[in-house]
Structures are given as C-alpha cells and as structure tokens.
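Coordinates as given in input-v9.txt (compact mmCIF, C-alpha atoms):
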```txt
# COMPACT_ATOMS: atom_id res chain seq x y z
CA MET A 809 15.08 73.40 173.92
CA ASN A 810 11.65 75.09 174.13
CA ASP A 811 9.73 76.60 177.03
CA PRO A 812 6.18 75.48 177.79
CA GLY A 813 4.86 78.43 175.76
CA GLY A 814 6.62 77.22 172.66
CA LEU A 815 9.51 79.68 172.40
CA PRO A 816 13.08 78.41 172.41
CA THR A 817 15.01 78.96 175.62
CA THR A 818 18.47 79.19 174.05
CA LEU A 819 19.92 81.19 171.17
CA ALA A 820 20.79 77.93 169.45
CA GLY A 821 17.12 77.02 169.62
CA PHE A 822 16.13 80.35 168.09
CA GLU A 823 18.69 79.94 165.32
CA ALA A 824 17.30 76.49 164.49
CA ALA A 825 13.73 77.84 164.44
CA TYR A 826 14.74 80.76 162.20
CA ARG A 827 16.36 78.38 159.73
CA GLN A 828 13.07 76.52 159.53
CA ALA A 829 11.06 79.72 159.12
CA LEU A 830 12.93 81.34 156.20
CA GLU A 831 13.56 80.39 152.59
CA ALA A 832 17.02 79.95 151.11
CA GLY A 833 17.45 83.49 149.77
CA PRO A 834 16.72 85.36 153.00
CA LEU A 835 18.79 82.80 154.91
CA ALA A 836 21.74 83.44 152.60
CA TYR A 837 21.38 87.18 153.12
CA TYR A 838 21.01 87.17 156.90
CA SER A 839 23.46 84.36 157.68
CA GLY A 840 26.12 84.84 155.03
CA ALA A 841 29.17 87.05 154.78
CA ALA A 842 31.92 88.03 152.36
CA ALA A 843 34.01 85.64 150.26
CA ASP A 844 35.10 82.56 152.26
CA GLU A 845 33.38 83.89 155.40
CA LEU A 846 36.60 83.62 157.41
CA THR A 847 35.97 86.83 159.33
CA LEU A 848 32.41 85.72 160.03
CA GLY A 849 33.75 82.65 161.81
CA GLU A 850 36.54 84.54 163.54
CA ASN A 851 34.11 87.06 165.02
CA ARG A 852 32.58 84.29 167.10
CA ALA A 853 35.80 82.34 167.71
CA ALA A 854 37.63 85.39 169.05
CA TRP A 855 35.14 85.86 171.90
CA ASP A 856 35.40 82.16 172.68
CA ARG A 857 39.20 82.32 172.92
CA ILE A 858 39.07 84.95 175.65
CA LYS A 859 39.21 83.26 179.05
CA LEU A 860 37.80 84.80 182.21
CA SER A 861 39.50 84.81 185.62
CA PRO A 862 36.74 85.20 188.25
CA ARG A 863 37.05 86.53 191.77
CA VAL A 864 35.39 84.65 194.63
CA MET A 865 34.10 85.37 198.14
CA ILE A 866 32.54 88.67 197.12
CA ASP A 867 28.97 89.63 198.06
CA VAL A 868 27.02 89.37 194.79
CA SER A 869 23.57 89.02 196.36
CA GLU A 870 22.53 92.27 194.64
CA ARG A 871 23.65 93.00 191.10
CA ASP A 872 23.37 96.03 188.84
CA PRO A 873 23.66 95.30 185.10
CA SER A 874 23.12 98.93 184.06
CA VAL A 875 25.71 101.15 182.36
CA GLU A 876 25.92 104.66 180.98
CA ILE A 877 25.87 105.05 177.20
CA LEU A 878 25.99 108.48 175.55
CA GLY A 879 25.27 110.17 178.86
CA ARG A 880 22.16 108.16 179.74
CA ARG A 881 21.63 105.11 181.92
CA HIS A 882 20.80 101.88 180.08
CA SER A 883 19.49 98.77 181.79
CA LEU A 884 22.09 96.57 180.04
CA PRO A 885 25.42 97.10 178.23
CA LEU A 886 23.56 95.96 175.11
CA ALA A 887 21.76 97.51 172.15
CA ILE A 888 20.29 96.07 168.98
CA ALA A 889 22.56 96.51 165.96
CA PRO A 890 21.18 97.92 162.72
CA THR A 891 20.13 95.25 160.23
CA ALA A 892 18.16 95.72 157.04
CA TYR A 893 14.89 94.55 155.50
CA HIS A 894 13.08 93.14 158.53
CA ARG A 895 9.91 92.38 156.60
CA ILE A 896 11.84 89.61 154.89
CA ALA A 897 12.06 87.96 158.31
CA HIS A 898 8.58 88.86 159.61
CA PRO A 899 5.58 90.70 158.12
CA GLY A 900 5.58 93.11 161.06
CA GLY A 901 9.05 94.27 160.11
CA GLU A 902 10.95 96.92 162.01
CA GLU A 903 7.89 97.98 163.97
CA GLU A 904 7.78 94.49 165.47
CA THR A 905 11.51 94.61 166.30
CA ALA A 906 11.17 97.99 167.99
CA THR A 907 8.22 96.71 170.01
CA GLY A 908 10.24 93.71 171.20
CA ALA A 909 13.20 95.94 172.02
CA ALA A 910 10.98 98.24 174.10
CA ALA A 911 9.59 95.26 176.01
CA ALA A 912 13.15 94.12 176.73
CA ASP A 913 14.20 97.67 177.68
CA VAL A 914 17.08 97.91 175.22
CA THR A 915 17.83 100.42 172.48
CA TYR A 916 16.93 99.52 168.90
CA THR A 917 18.96 100.89 165.97
CA LEU A 918 16.82 101.39 162.85
CA SER A 919 18.66 100.93 159.54
CA THR A 920 18.52 103.34 156.61
CA LEU A 921 17.78 100.17 154.60
CA ALA A 922 14.72 99.37 156.68
CA THR A 923 11.35 98.37 155.28
CA SER A 924 9.89 101.23 157.31
CA ARG A 925 10.75 104.87 157.82
CA PRO A 926 11.59 106.35 161.23
CA ALA A 927 8.16 107.87 161.88
CA PRO A 928 6.08 104.66 161.65
CA VAL A 929 8.59 102.81 163.84
CA ALA A 930 8.35 105.54 166.48
CA GLU A 931 4.55 105.46 166.28
CA ALA A 932 4.43 101.66 166.61
CA ALA A 933 6.77 101.60 169.62
CA PRO A 934 6.57 105.05 171.25
CA ASP A 935 8.18 103.81 174.46
CA SER A 936 11.21 102.33 172.71
CA ASP A 937 14.69 103.83 172.94
CA ARG A 938 15.82 104.39 169.37
CA TRP A 939 18.95 105.20 167.41
CA PHE A 940 19.07 105.70 163.62
CA GLN A 941 21.76 104.14 161.42
CA VAL A 942 22.82 106.33 158.50
CA TYR A 943 24.01 105.32 155.06
CA VAL A 944 24.86 108.36 152.95
CA PHE A 945 23.20 108.06 149.55
CA ARG A 946 24.62 109.65 146.43
CA ASP A 947 21.50 111.81 146.64
CA ARG A 948 22.40 113.36 149.95
CA ALA A 949 19.10 115.21 150.25
CA VAL A 950 17.40 111.84 150.76
CA THR A 951 19.79 111.01 153.58
CA MET A 952 19.21 114.33 155.30
CA ASP A 953 15.43 113.89 155.02
CA LEU A 954 15.69 110.56 156.81
CA VAL A 955 17.94 112.08 159.48
CA ALA A 956 15.47 114.93 160.00
CA GLU A 957 12.62 112.44 160.32
CA ALA A 958 14.59 110.51 162.93
CA GLU A 959 15.33 113.71 164.86
CA GLU A 960 11.68 114.72 164.81
CA ASN A 961 10.53 111.32 166.05
CA GLY A 962 12.55 110.90 169.19
CA PHE A 963 15.59 108.99 167.94
CA GLU A 964 18.43 109.69 170.35
CA ALA A 965 21.59 109.16 168.27
CA LEU A 966 22.85 108.69 164.73
CA MET A 967 25.11 105.79 163.75
CA LEU A 968 27.01 106.58 160.56
CA THR A 969 28.17 103.42 158.79
CA VAL A 970 31.46 104.06 156.97
CA ASP A 971 32.67 100.62 155.85
CA LEU A 972 30.51 100.22 152.74
CA PRO A 973 31.94 102.43 149.97
CA VAL A 974 31.30 99.40 147.75
CA LEU A 975 29.55 96.12 148.47
CA GLY A 976 31.63 93.23 149.72
CA LYS A 977 31.53 90.14 147.48
CA ARG A 978 29.03 87.84 149.18
CA ASP A 979 29.18 84.47 147.48
CA ARG A 980 26.23 82.95 149.31
CA GLU A 981 23.90 85.72 148.20
CA ILE A 982 25.16 85.44 144.64
CA GLU A 983 24.70 81.68 144.50
CA ASP A 984 21.19 81.89 145.94
CA GLU A 985 20.33 84.82 143.63
CA PHE A 986 19.00 86.78 146.56
CA VAL A 987 16.87 89.83 145.79
CA VAL A 988 15.47 92.19 148.37
CA GLY A 989 12.17 92.62 146.57
CA ASP A 990 10.55 95.60 144.92
CA ALA A 991 12.14 98.96 145.68
CA GLY A 992 8.77 100.18 146.89
CA THR A 993 9.10 97.99 149.99
CA VAL A 994 12.18 99.91 151.17
CA PRO A 995 11.23 103.59 151.56
CA GLY A 996 14.77 104.92 151.82
CA ILE A 997 15.89 103.06 148.71
CA GLN A 998 12.85 104.18 146.74
CA ALA A 999 13.48 107.79 147.73
CA ALA A 1000 17.13 107.46 146.67
CA GLY A 1001 16.11 106.34 143.19
CA GLY A 1002 15.87 102.56 143.47
CA LYS A 1003 13.41 100.95 141.08
CA GLY A 1004 12.08 97.46 140.39
CA LEU A 1005 13.46 94.27 141.92
CA LEU A 1006 16.57 95.05 143.95
CA SER A 1007 19.70 93.00 144.40
CA MET A 1008 22.10 94.00 147.15
CA GLN A 1009 24.39 95.37 144.45
CA ASP A 1010 21.57 97.64 143.23
CA THR A 1011 21.20 98.92 146.77
CA ALA A 1012 24.92 99.46 147.29
CA ASP A 1013 25.17 101.41 144.03
CA LEU A 1014 22.95 104.10 145.57
CA ILE A 1015 25.39 104.68 148.46
CA ASP A 1016 28.00 107.42 148.09
CA PRO A 1017 31.57 106.00 147.93
CA SER A 1018 33.18 109.44 148.22
CA LEU A 1019 32.74 109.95 151.98
CA THR A 1020 35.63 111.46 153.92
CA TRP A 1021 36.24 112.59 157.49
CA ASP A 1022 34.92 116.01 156.47
CA ASP A 1023 31.51 114.38 156.04
CA VAL A 1024 31.66 113.11 159.62
CA ALA A 1025 32.37 116.65 160.77
CA GLU A 1026 29.53 118.02 158.66
CA LEU A 1027 27.00 115.50 159.98
CA SER A 1028 28.14 115.99 163.58
CA SER A 1029 27.93 119.78 163.39
CA GLY A 1030 24.57 119.72 161.59
CA THR A 1031 22.62 117.78 164.22
CA ASP A 1032 21.94 118.03 167.93
CA LEU A 1033 22.14 114.24 168.18
CA PRO A 1034 25.38 112.44 169.04
CA VAL A 1035 26.99 110.72 166.05
CA LEU A 1036 28.65 107.31 166.33
CA VAL A 1037 30.96 106.20 163.51
CA LYS A 1038 30.37 102.52 162.77
CA GLY A 1039 32.84 100.31 160.93
CA VAL A 1040 36.11 101.22 162.66
CA LEU A 1041 38.86 98.59 162.97
CA ARG A 1042 41.94 100.78 163.52
CA ALA A 1043 42.95 102.92 166.47
CA ASP A 1044 44.09 105.77 164.23
CA ASP A 1045 40.73 105.85 162.45
CA ALA A 1046 38.95 105.86 165.81
CA LYS A 1047 40.95 108.90 166.89
CA LEU A 1048 40.16 110.65 163.60
CA ALA A 1049 36.45 110.00 164.13
CA ILE A 1050 36.58 111.73 167.51
CA GLU A 1051 38.69 114.57 166.15
CA HIS A 1052 36.03 115.19 163.50
CA GLY A 1053 33.20 115.54 165.97
CA ALA A 1054 31.92 112.01 166.56
CA ALA A 1055 30.67 111.19 170.04
CA GLY A 1056 32.07 107.69 169.72
CA VAL A 1057 32.80 104.72 167.50
CA VAL A 1058 31.40 101.27 166.85
CA VAL A 1059 34.18 98.71 166.45
CA SER A 1060 32.71 96.65 163.63
CA ASN A 1061 33.63 94.66 160.52
CA HIS A 1062 30.02 94.62 159.30
CA GLY A 1063 29.50 91.10 160.57
CA GLY A 1064 32.23 89.87 158.22
CA ARG A 1065 30.10 90.96 155.27
CA GLN A 1066 32.44 93.49 153.65
CA LEU A 1067 36.19 92.68 153.49
CA ASP A 1068 36.97 89.08 154.37
CA THR A 1069 40.11 88.27 156.42
CA VAL A 1070 39.99 91.51 158.44
CA PRO A 1071 40.43 90.85 162.17
CA ALA A 1072 37.66 89.89 164.52
CA THR A 1073 36.30 92.85 166.45
CA ALA A 1074 37.22 91.29 169.81
CA GLU A 1075 40.85 91.32 168.67
CA VAL A 1076 41.00 95.06 167.94
CA LEU A 1077 38.61 96.41 170.58
CA GLU A 1078 41.15 97.00 173.36
CA PRO A 1079 43.66 99.14 171.41
CA ILE A 1080 40.82 101.21 169.93
CA ALA A 1081 39.30 101.83 173.37
CA GLU A 1082 42.72 102.83 174.69
CA ALA A 1083 43.29 105.18 171.75
CA VAL A 1084 40.08 107.19 172.22
CA GLY A 1085 40.34 107.40 176.01
CA ASP A 1086 37.65 107.74 178.63
CA GLY A 1087 35.36 110.39 177.14
CA PRO A 1088 34.00 109.03 173.85
CA THR A 1089 31.59 106.10 173.66
CA VAL A 1090 32.98 102.80 172.38
CA LEU A 1091 30.61 100.09 171.19
CA VAL A 1092 31.42 96.77 169.54
CA ASP A 1093 29.56 94.24 167.43
CA GLY A 1094 30.41 91.04 165.59
CA GLY A 1095 29.75 87.56 166.91
CA VAL A 1096 28.24 88.70 170.22
CA ARG A 1097 26.04 85.85 171.44
CA ARG A 1098 26.52 85.22 175.15
CA GLY A 1099 26.18 87.19 178.34
CA THR A 1100 29.86 86.45 178.92
CA ASP A 1101 30.59 88.23 175.63
CA LEU A 1102 29.08 91.40 177.09
CA ALA A 1103 31.33 91.05 180.12
CA LYS A 1104 34.39 90.51 177.93
CA ALA A 1105 33.51 93.53 175.79
CA LEU A 1106 33.35 95.78 178.85
CA ILE A 1107 36.58 94.35 180.27
CA LEU A 1108 38.31 95.16 176.96
CA GLY A 1109 37.12 98.76 177.15
CA ALA A 1110 33.72 98.95 175.46
CA ASP A 1111 30.76 100.75 177.00
CA ALA A 1112 28.35 98.22 175.51
CA ALA A 1113 27.96 95.68 172.71
CA LEU A 1114 25.52 95.39 169.83
CA VAL A 1115 23.67 92.20 168.90
CA GLY A 1116 22.51 91.74 165.31
CA ARG A 1117 21.79 88.31 163.87
CA PRO A 1118 20.25 86.76 167.02
CA VAL A 1119 17.60 89.50 167.01
CA LEU A 1120 16.67 88.44 163.48
CA TRP A 1121 16.42 84.83 164.71
CA GLY A 1122 13.94 85.97 167.33
CA LEU A 1123 12.02 88.17 164.88
CA ALA A 1124 11.68 85.40 162.28
CA THR A 1125 10.61 82.90 164.95
CA ALA A 1126 8.03 84.89 166.90
CA GLY A 1127 8.01 88.59 166.03
CA ALA A 1128 8.26 91.03 168.93
CA ALA A 1129 7.94 88.21 171.47
CA GLY A 1130 10.92 86.47 169.87
CA VAL A 1131 13.02 89.64 169.97
CA GLU A 1132 12.18 90.16 173.64
CA ALA A 1133 12.98 86.53 174.43
CA VAL A 1134 16.37 86.63 172.67
CA ILE A 1135 17.39 89.72 174.65
CA GLY A 1136 16.11 88.07 177.81
CA ILE A 1137 18.37 85.06 177.27
CA VAL A 1138 21.45 87.28 176.94
CA GLU A 1139 20.36 89.40 179.90
CA ASP A 1140 19.99 86.34 182.12
CA GLU A 1141 23.43 85.07 181.09
CA PHE A 1142 24.99 88.47 181.78
CA ASP A 1143 23.44 88.63 185.25
CA ARG A 1144 24.88 85.19 186.02
CA ALA A 1145 28.26 86.29 184.64
CA LEU A 1146 28.34 89.28 187.00
CA ALA A 1147 27.71 87.00 189.95
CA LEU A 1148 30.17 84.33 188.90
CA LEU A 1149 32.91 86.86 188.05
CA GLY A 1150 32.56 88.41 191.49
CA VAL A 1151 31.75 91.83 190.03
CA PRO A 1152 28.18 92.76 190.95
CA ARG A 1153 28.16 96.10 189.12
CA ALA A 1154 28.47 96.02 185.34
CA ALA A 1155 30.00 99.49 185.29
CA ALA A 1156 32.92 98.17 187.34
CA LEU A 1157 33.93 95.75 184.59
CA LYS A 1158 35.17 98.36 182.15
CA GLY A 1159 38.89 98.06 181.56
CA GLN A 1160 39.42 95.50 184.35
CA THR A 1161 41.73 93.25 182.35
CA ASP A 1162 42.88 91.41 185.47
CA LEU A 1163 39.61 89.51 185.02
CA LEU A 1164 41.06 87.91 181.89
CA PHE A 1165 43.20 84.77 182.14
CA ASP A 1166 46.46 84.10 180.30
CA ARG A 1167 47.07 87.65 179.10
CA LYS A 1168 50.18 87.94 176.94
```

So, in terms of structure tokens, how does the structure I just supplied come out?
Amino acid sequence: MNDPGGLPTTLAGFEAAYRQALEAGPLAYYSGAAADELTLGENRAAWDRIKLSPRVMIDVSERDPSVEILGRRHSLPLAIAPTAYHRIAHPGGEEETATGAAAADVTYTLSTLATSRPAPVAEAAPDSDRWFQVYVFRDRAVTMDLVAEAEENGFEALMLTVDLPVLGKRDREIEDEFVVGDAGTVPGIQAAGGKGLLSMQDTADLIDPSLTWDDVAELSSGTDLPVLVKGVLRADDAKLAIEHGAAGVVVSNHGGRQLDTVPATAEVLEPIAEAVGDGPTVLVDGGVRRGTDLAKALILGADAALVGRPVLWGLATAGAAGVEAVIGIVEDEFDRALALLGVPRAAALKGQTDLLFDRK
C-alpha cells in the first residue's frame, strides 16, 4: 500500500519496493543469512510467538514513548542497527541514512564497514544522534584511527561487535557471487589493507580473530565514550562484558548471518537482562519489525531495540525520506501499542512481564 506521495505505508510495502530496486547480488547480501537461514526465520518468529496481555480502563489520552538510553533521553526505545555498504542500496550511502535518522529523531549506528568515514557522515547530518560500530582489524592502528575520528565528530557511543572472529557461511551470497565492489569504496577496508574487488570473505579476513575480554577492557578504558558489546547470546558472557568495563550489551545473533541454529534473540533477552541487572544498558536486535516488538523487548528487560534490514528497505526505496518513513511506521505502531496495552509511558514497560500472556 502506498501513500499519495508515492512512498509505501507499511514495512511490507517497503520490502517489496526494495526488492524491485536492487539487483540479485545486493539482495542476497542484505536479505540472506548463514547456512539454511534457520536463525534468520526464528528471529522474526520468536517475536510473533510472544503474546501480549493488555490492561484496560486506563487513561491513555497522553502517551510518552521516550526512554533513557546510556544516560540520555531518546524519543523512542529504538535505534538504527549498524549495517554495511549503504552505497550498494543508494548512491547517497550512509550520509543519506544519517539524514533520515535525524529527521526521524532516532540514533544511527555507523558501521566500520561503511562506504563513508565518520567525519563525512557527521558533516552531512550534523543534527543526527550517532553511535559508531567497531570491528577490530588485524591492523589495530586503523581501528583506533576510526574510533578517534568518531570521537572527534560527535559520536556518542561505541558498539564493539564480537561475534565475527570468522565469517559465517552464507550460501545465498556464495551462490549469487556477491562482491562488495572495489576496496576504494569502503574507506575502513582500504585503510586496513583491502585491495581490488572485495568479497565478504576478503573483508572478514581483515578482522582480528584473536579478540578477548581484555580487549573490551582496553577499549573501554581508552575512550571517554560508553562501549556496548554487540553479539552476546549468553548471560555469562553479558556479565563478563560488564565486568570488563562495557556500559552495556547488545543481544544479537548478527541477524542470523554468523552461526545458524543459535537461538532467536527474543528467546535469550530476558535471562541476559536479569543477569546484568538494572545499571548497564541492554539493547536487542534481530527480526524487530513492529511497534509491538519494541514493547515486547522492553517488557523482557531491554532498554531499546535496534532495527536493521527495514532501514535498508527504506534507503533503497527513497533515500533519507525512505529511512524516515520506515521509522515513522514503527513509531506509529509503538504509540498505538502503548495505548492498547494500557501503559501510556514507555519507560513503565521495562520488566513488566505480567503484560505477557501464557507465561510458563
């Protein structure tokens, strides 16, 4: 379904438009996952299995969807997840995504594997709220240069991805012979030594597989920015992240793109949130599509959720306007969910598991 201005009015509509806009290779990269893609499917199915138990006869005439994340108020319990190579989806690339995020008043997370460095993104969207996602290259000096550039350009947090010591086997990408393009189009990769046409395996080979918890401590102590550890699926690992200086964790299985048959993030969120307690920030990604998913994430203990693929659908369809529209759809659904759940303040949802039906 489209609005009179031509943009889709549902996420399904944006996904259909994105599939028309992109060629097979980029589609395989953005839409695919590891092996049989079982975890990819489960990420979405797990949110759908959770049933809500709404309260009624509560004054919901005024609603507040804002929450606190990393000590600052955010207009929604939502941020944009880091995804790579945005110029494959749209010629405006990450600058366009950041502009759309700023218009929607949500935080954008720039990937180390972006087709732009932190400084140009900050210049293109100076009013955007920005985090920087960190992959640690074998050449660690390159990583620290990117971190320093993010710090100098107003990025507010670092998100260290820890679930890619090697690349997951992604059959769709292999079958479609997907290549990113020339290394020169990805500044971080070029600086780390990438040359010529890049496959995803070429990119992954530049990332350091020797990371340990000591590296989390080193990064956390070496920056004034809060560090979030992304790629956590176990409560004991979440506690270790906090013990080594992280400000919080992102419960994530990399969109099902790394190790297939790991659990959906919705299934492991609650025990992880319980393990780290009230102080650290807990975010979650993986299959988040609906405003009700945001509500469920907060009920299970998250401070907010990250949305990845739908933002790419919006970017590929209509650039910054598409990104803003995608976020707007989720925002509208979340506002309606607050009203229909009988909980007018988003912050009051956190940990309120009595709002879930058929708990066992």

For this session: For each of A:Gln941, A:Thr817, A:Thr891, A:Ser869, take the minimum atom-to-atom distance to A:Asp1140, counting all atoms listed in the file, then give the residue where this is smallest.
Result: A:Thr817

For this session: List the neighbours of A:Gly879 out to 12 Å using all atoms listed in the file; skip same-chain residues closer than 6 positions along the sequence, and give me the result as a VMD selection string.
Result: chain A and resid 964 to 965 1033 to 1034 1055 to 1056 1087 to 1089 1111

For this session: Taking the point (20.5, 100.5, 156.6) as given in the file, collect each protein or nucleic acid residue that comes within 12 Å of it, counting only C-alpha atoms, and present the set as a ChimeraX atom specification.
Result: /A:889-894,902,917-926,939-945,951,954,966-970,972,994-997,1008,1011-1012,1014-1015,1038,1062

For this session: Show which residues sit within 12 Å of A:Pro873, as an MDAnalysis selection string. Count only C-alpha atoms, and ignore same-chain residues fewer than 3 positions away.
Result: chainID A and resid 868 870 876 881:886 1099 1102:1103 1106 1112 1138:1147 1151:1157

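Around A:Gly1150, within 8 Å and counting only C-alpha atoms, the residues found are Pro862, Arg863, Val864, Met865, Ile866, Asp867, Val868 and Leu1146 of chain A, once anything fewer than 4 positions away on its own chain is removed.
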
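Distance annotation: of A:Ser1018, A:Thr905, A:Thr1031, A:Gln1066, the residue with the minimal separation from A:Leu975 is A:Gln1066; atom set is only C-alpha atoms.
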
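Using all atoms listed in the file, the shortest contact distance between A:Glu1075 and any of A:Ile896, A:Asp872, A:Arg852, A:Gly1001 is found at A:Arg852.
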
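With atom CA of A:Thr1100 on one side and atom CA of A:Leu815 on the other, the separation reads 22.4 Å.
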
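Our summary of the geometry notes that atom CA of A:Leu1067 is positioned 22.3 Å from atom CA of A:Asp1023.
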
Exercise. How many Å separate atom CA of A:Leu835 from atom CA of A:Gly989?
Worked result: 14.5 Å
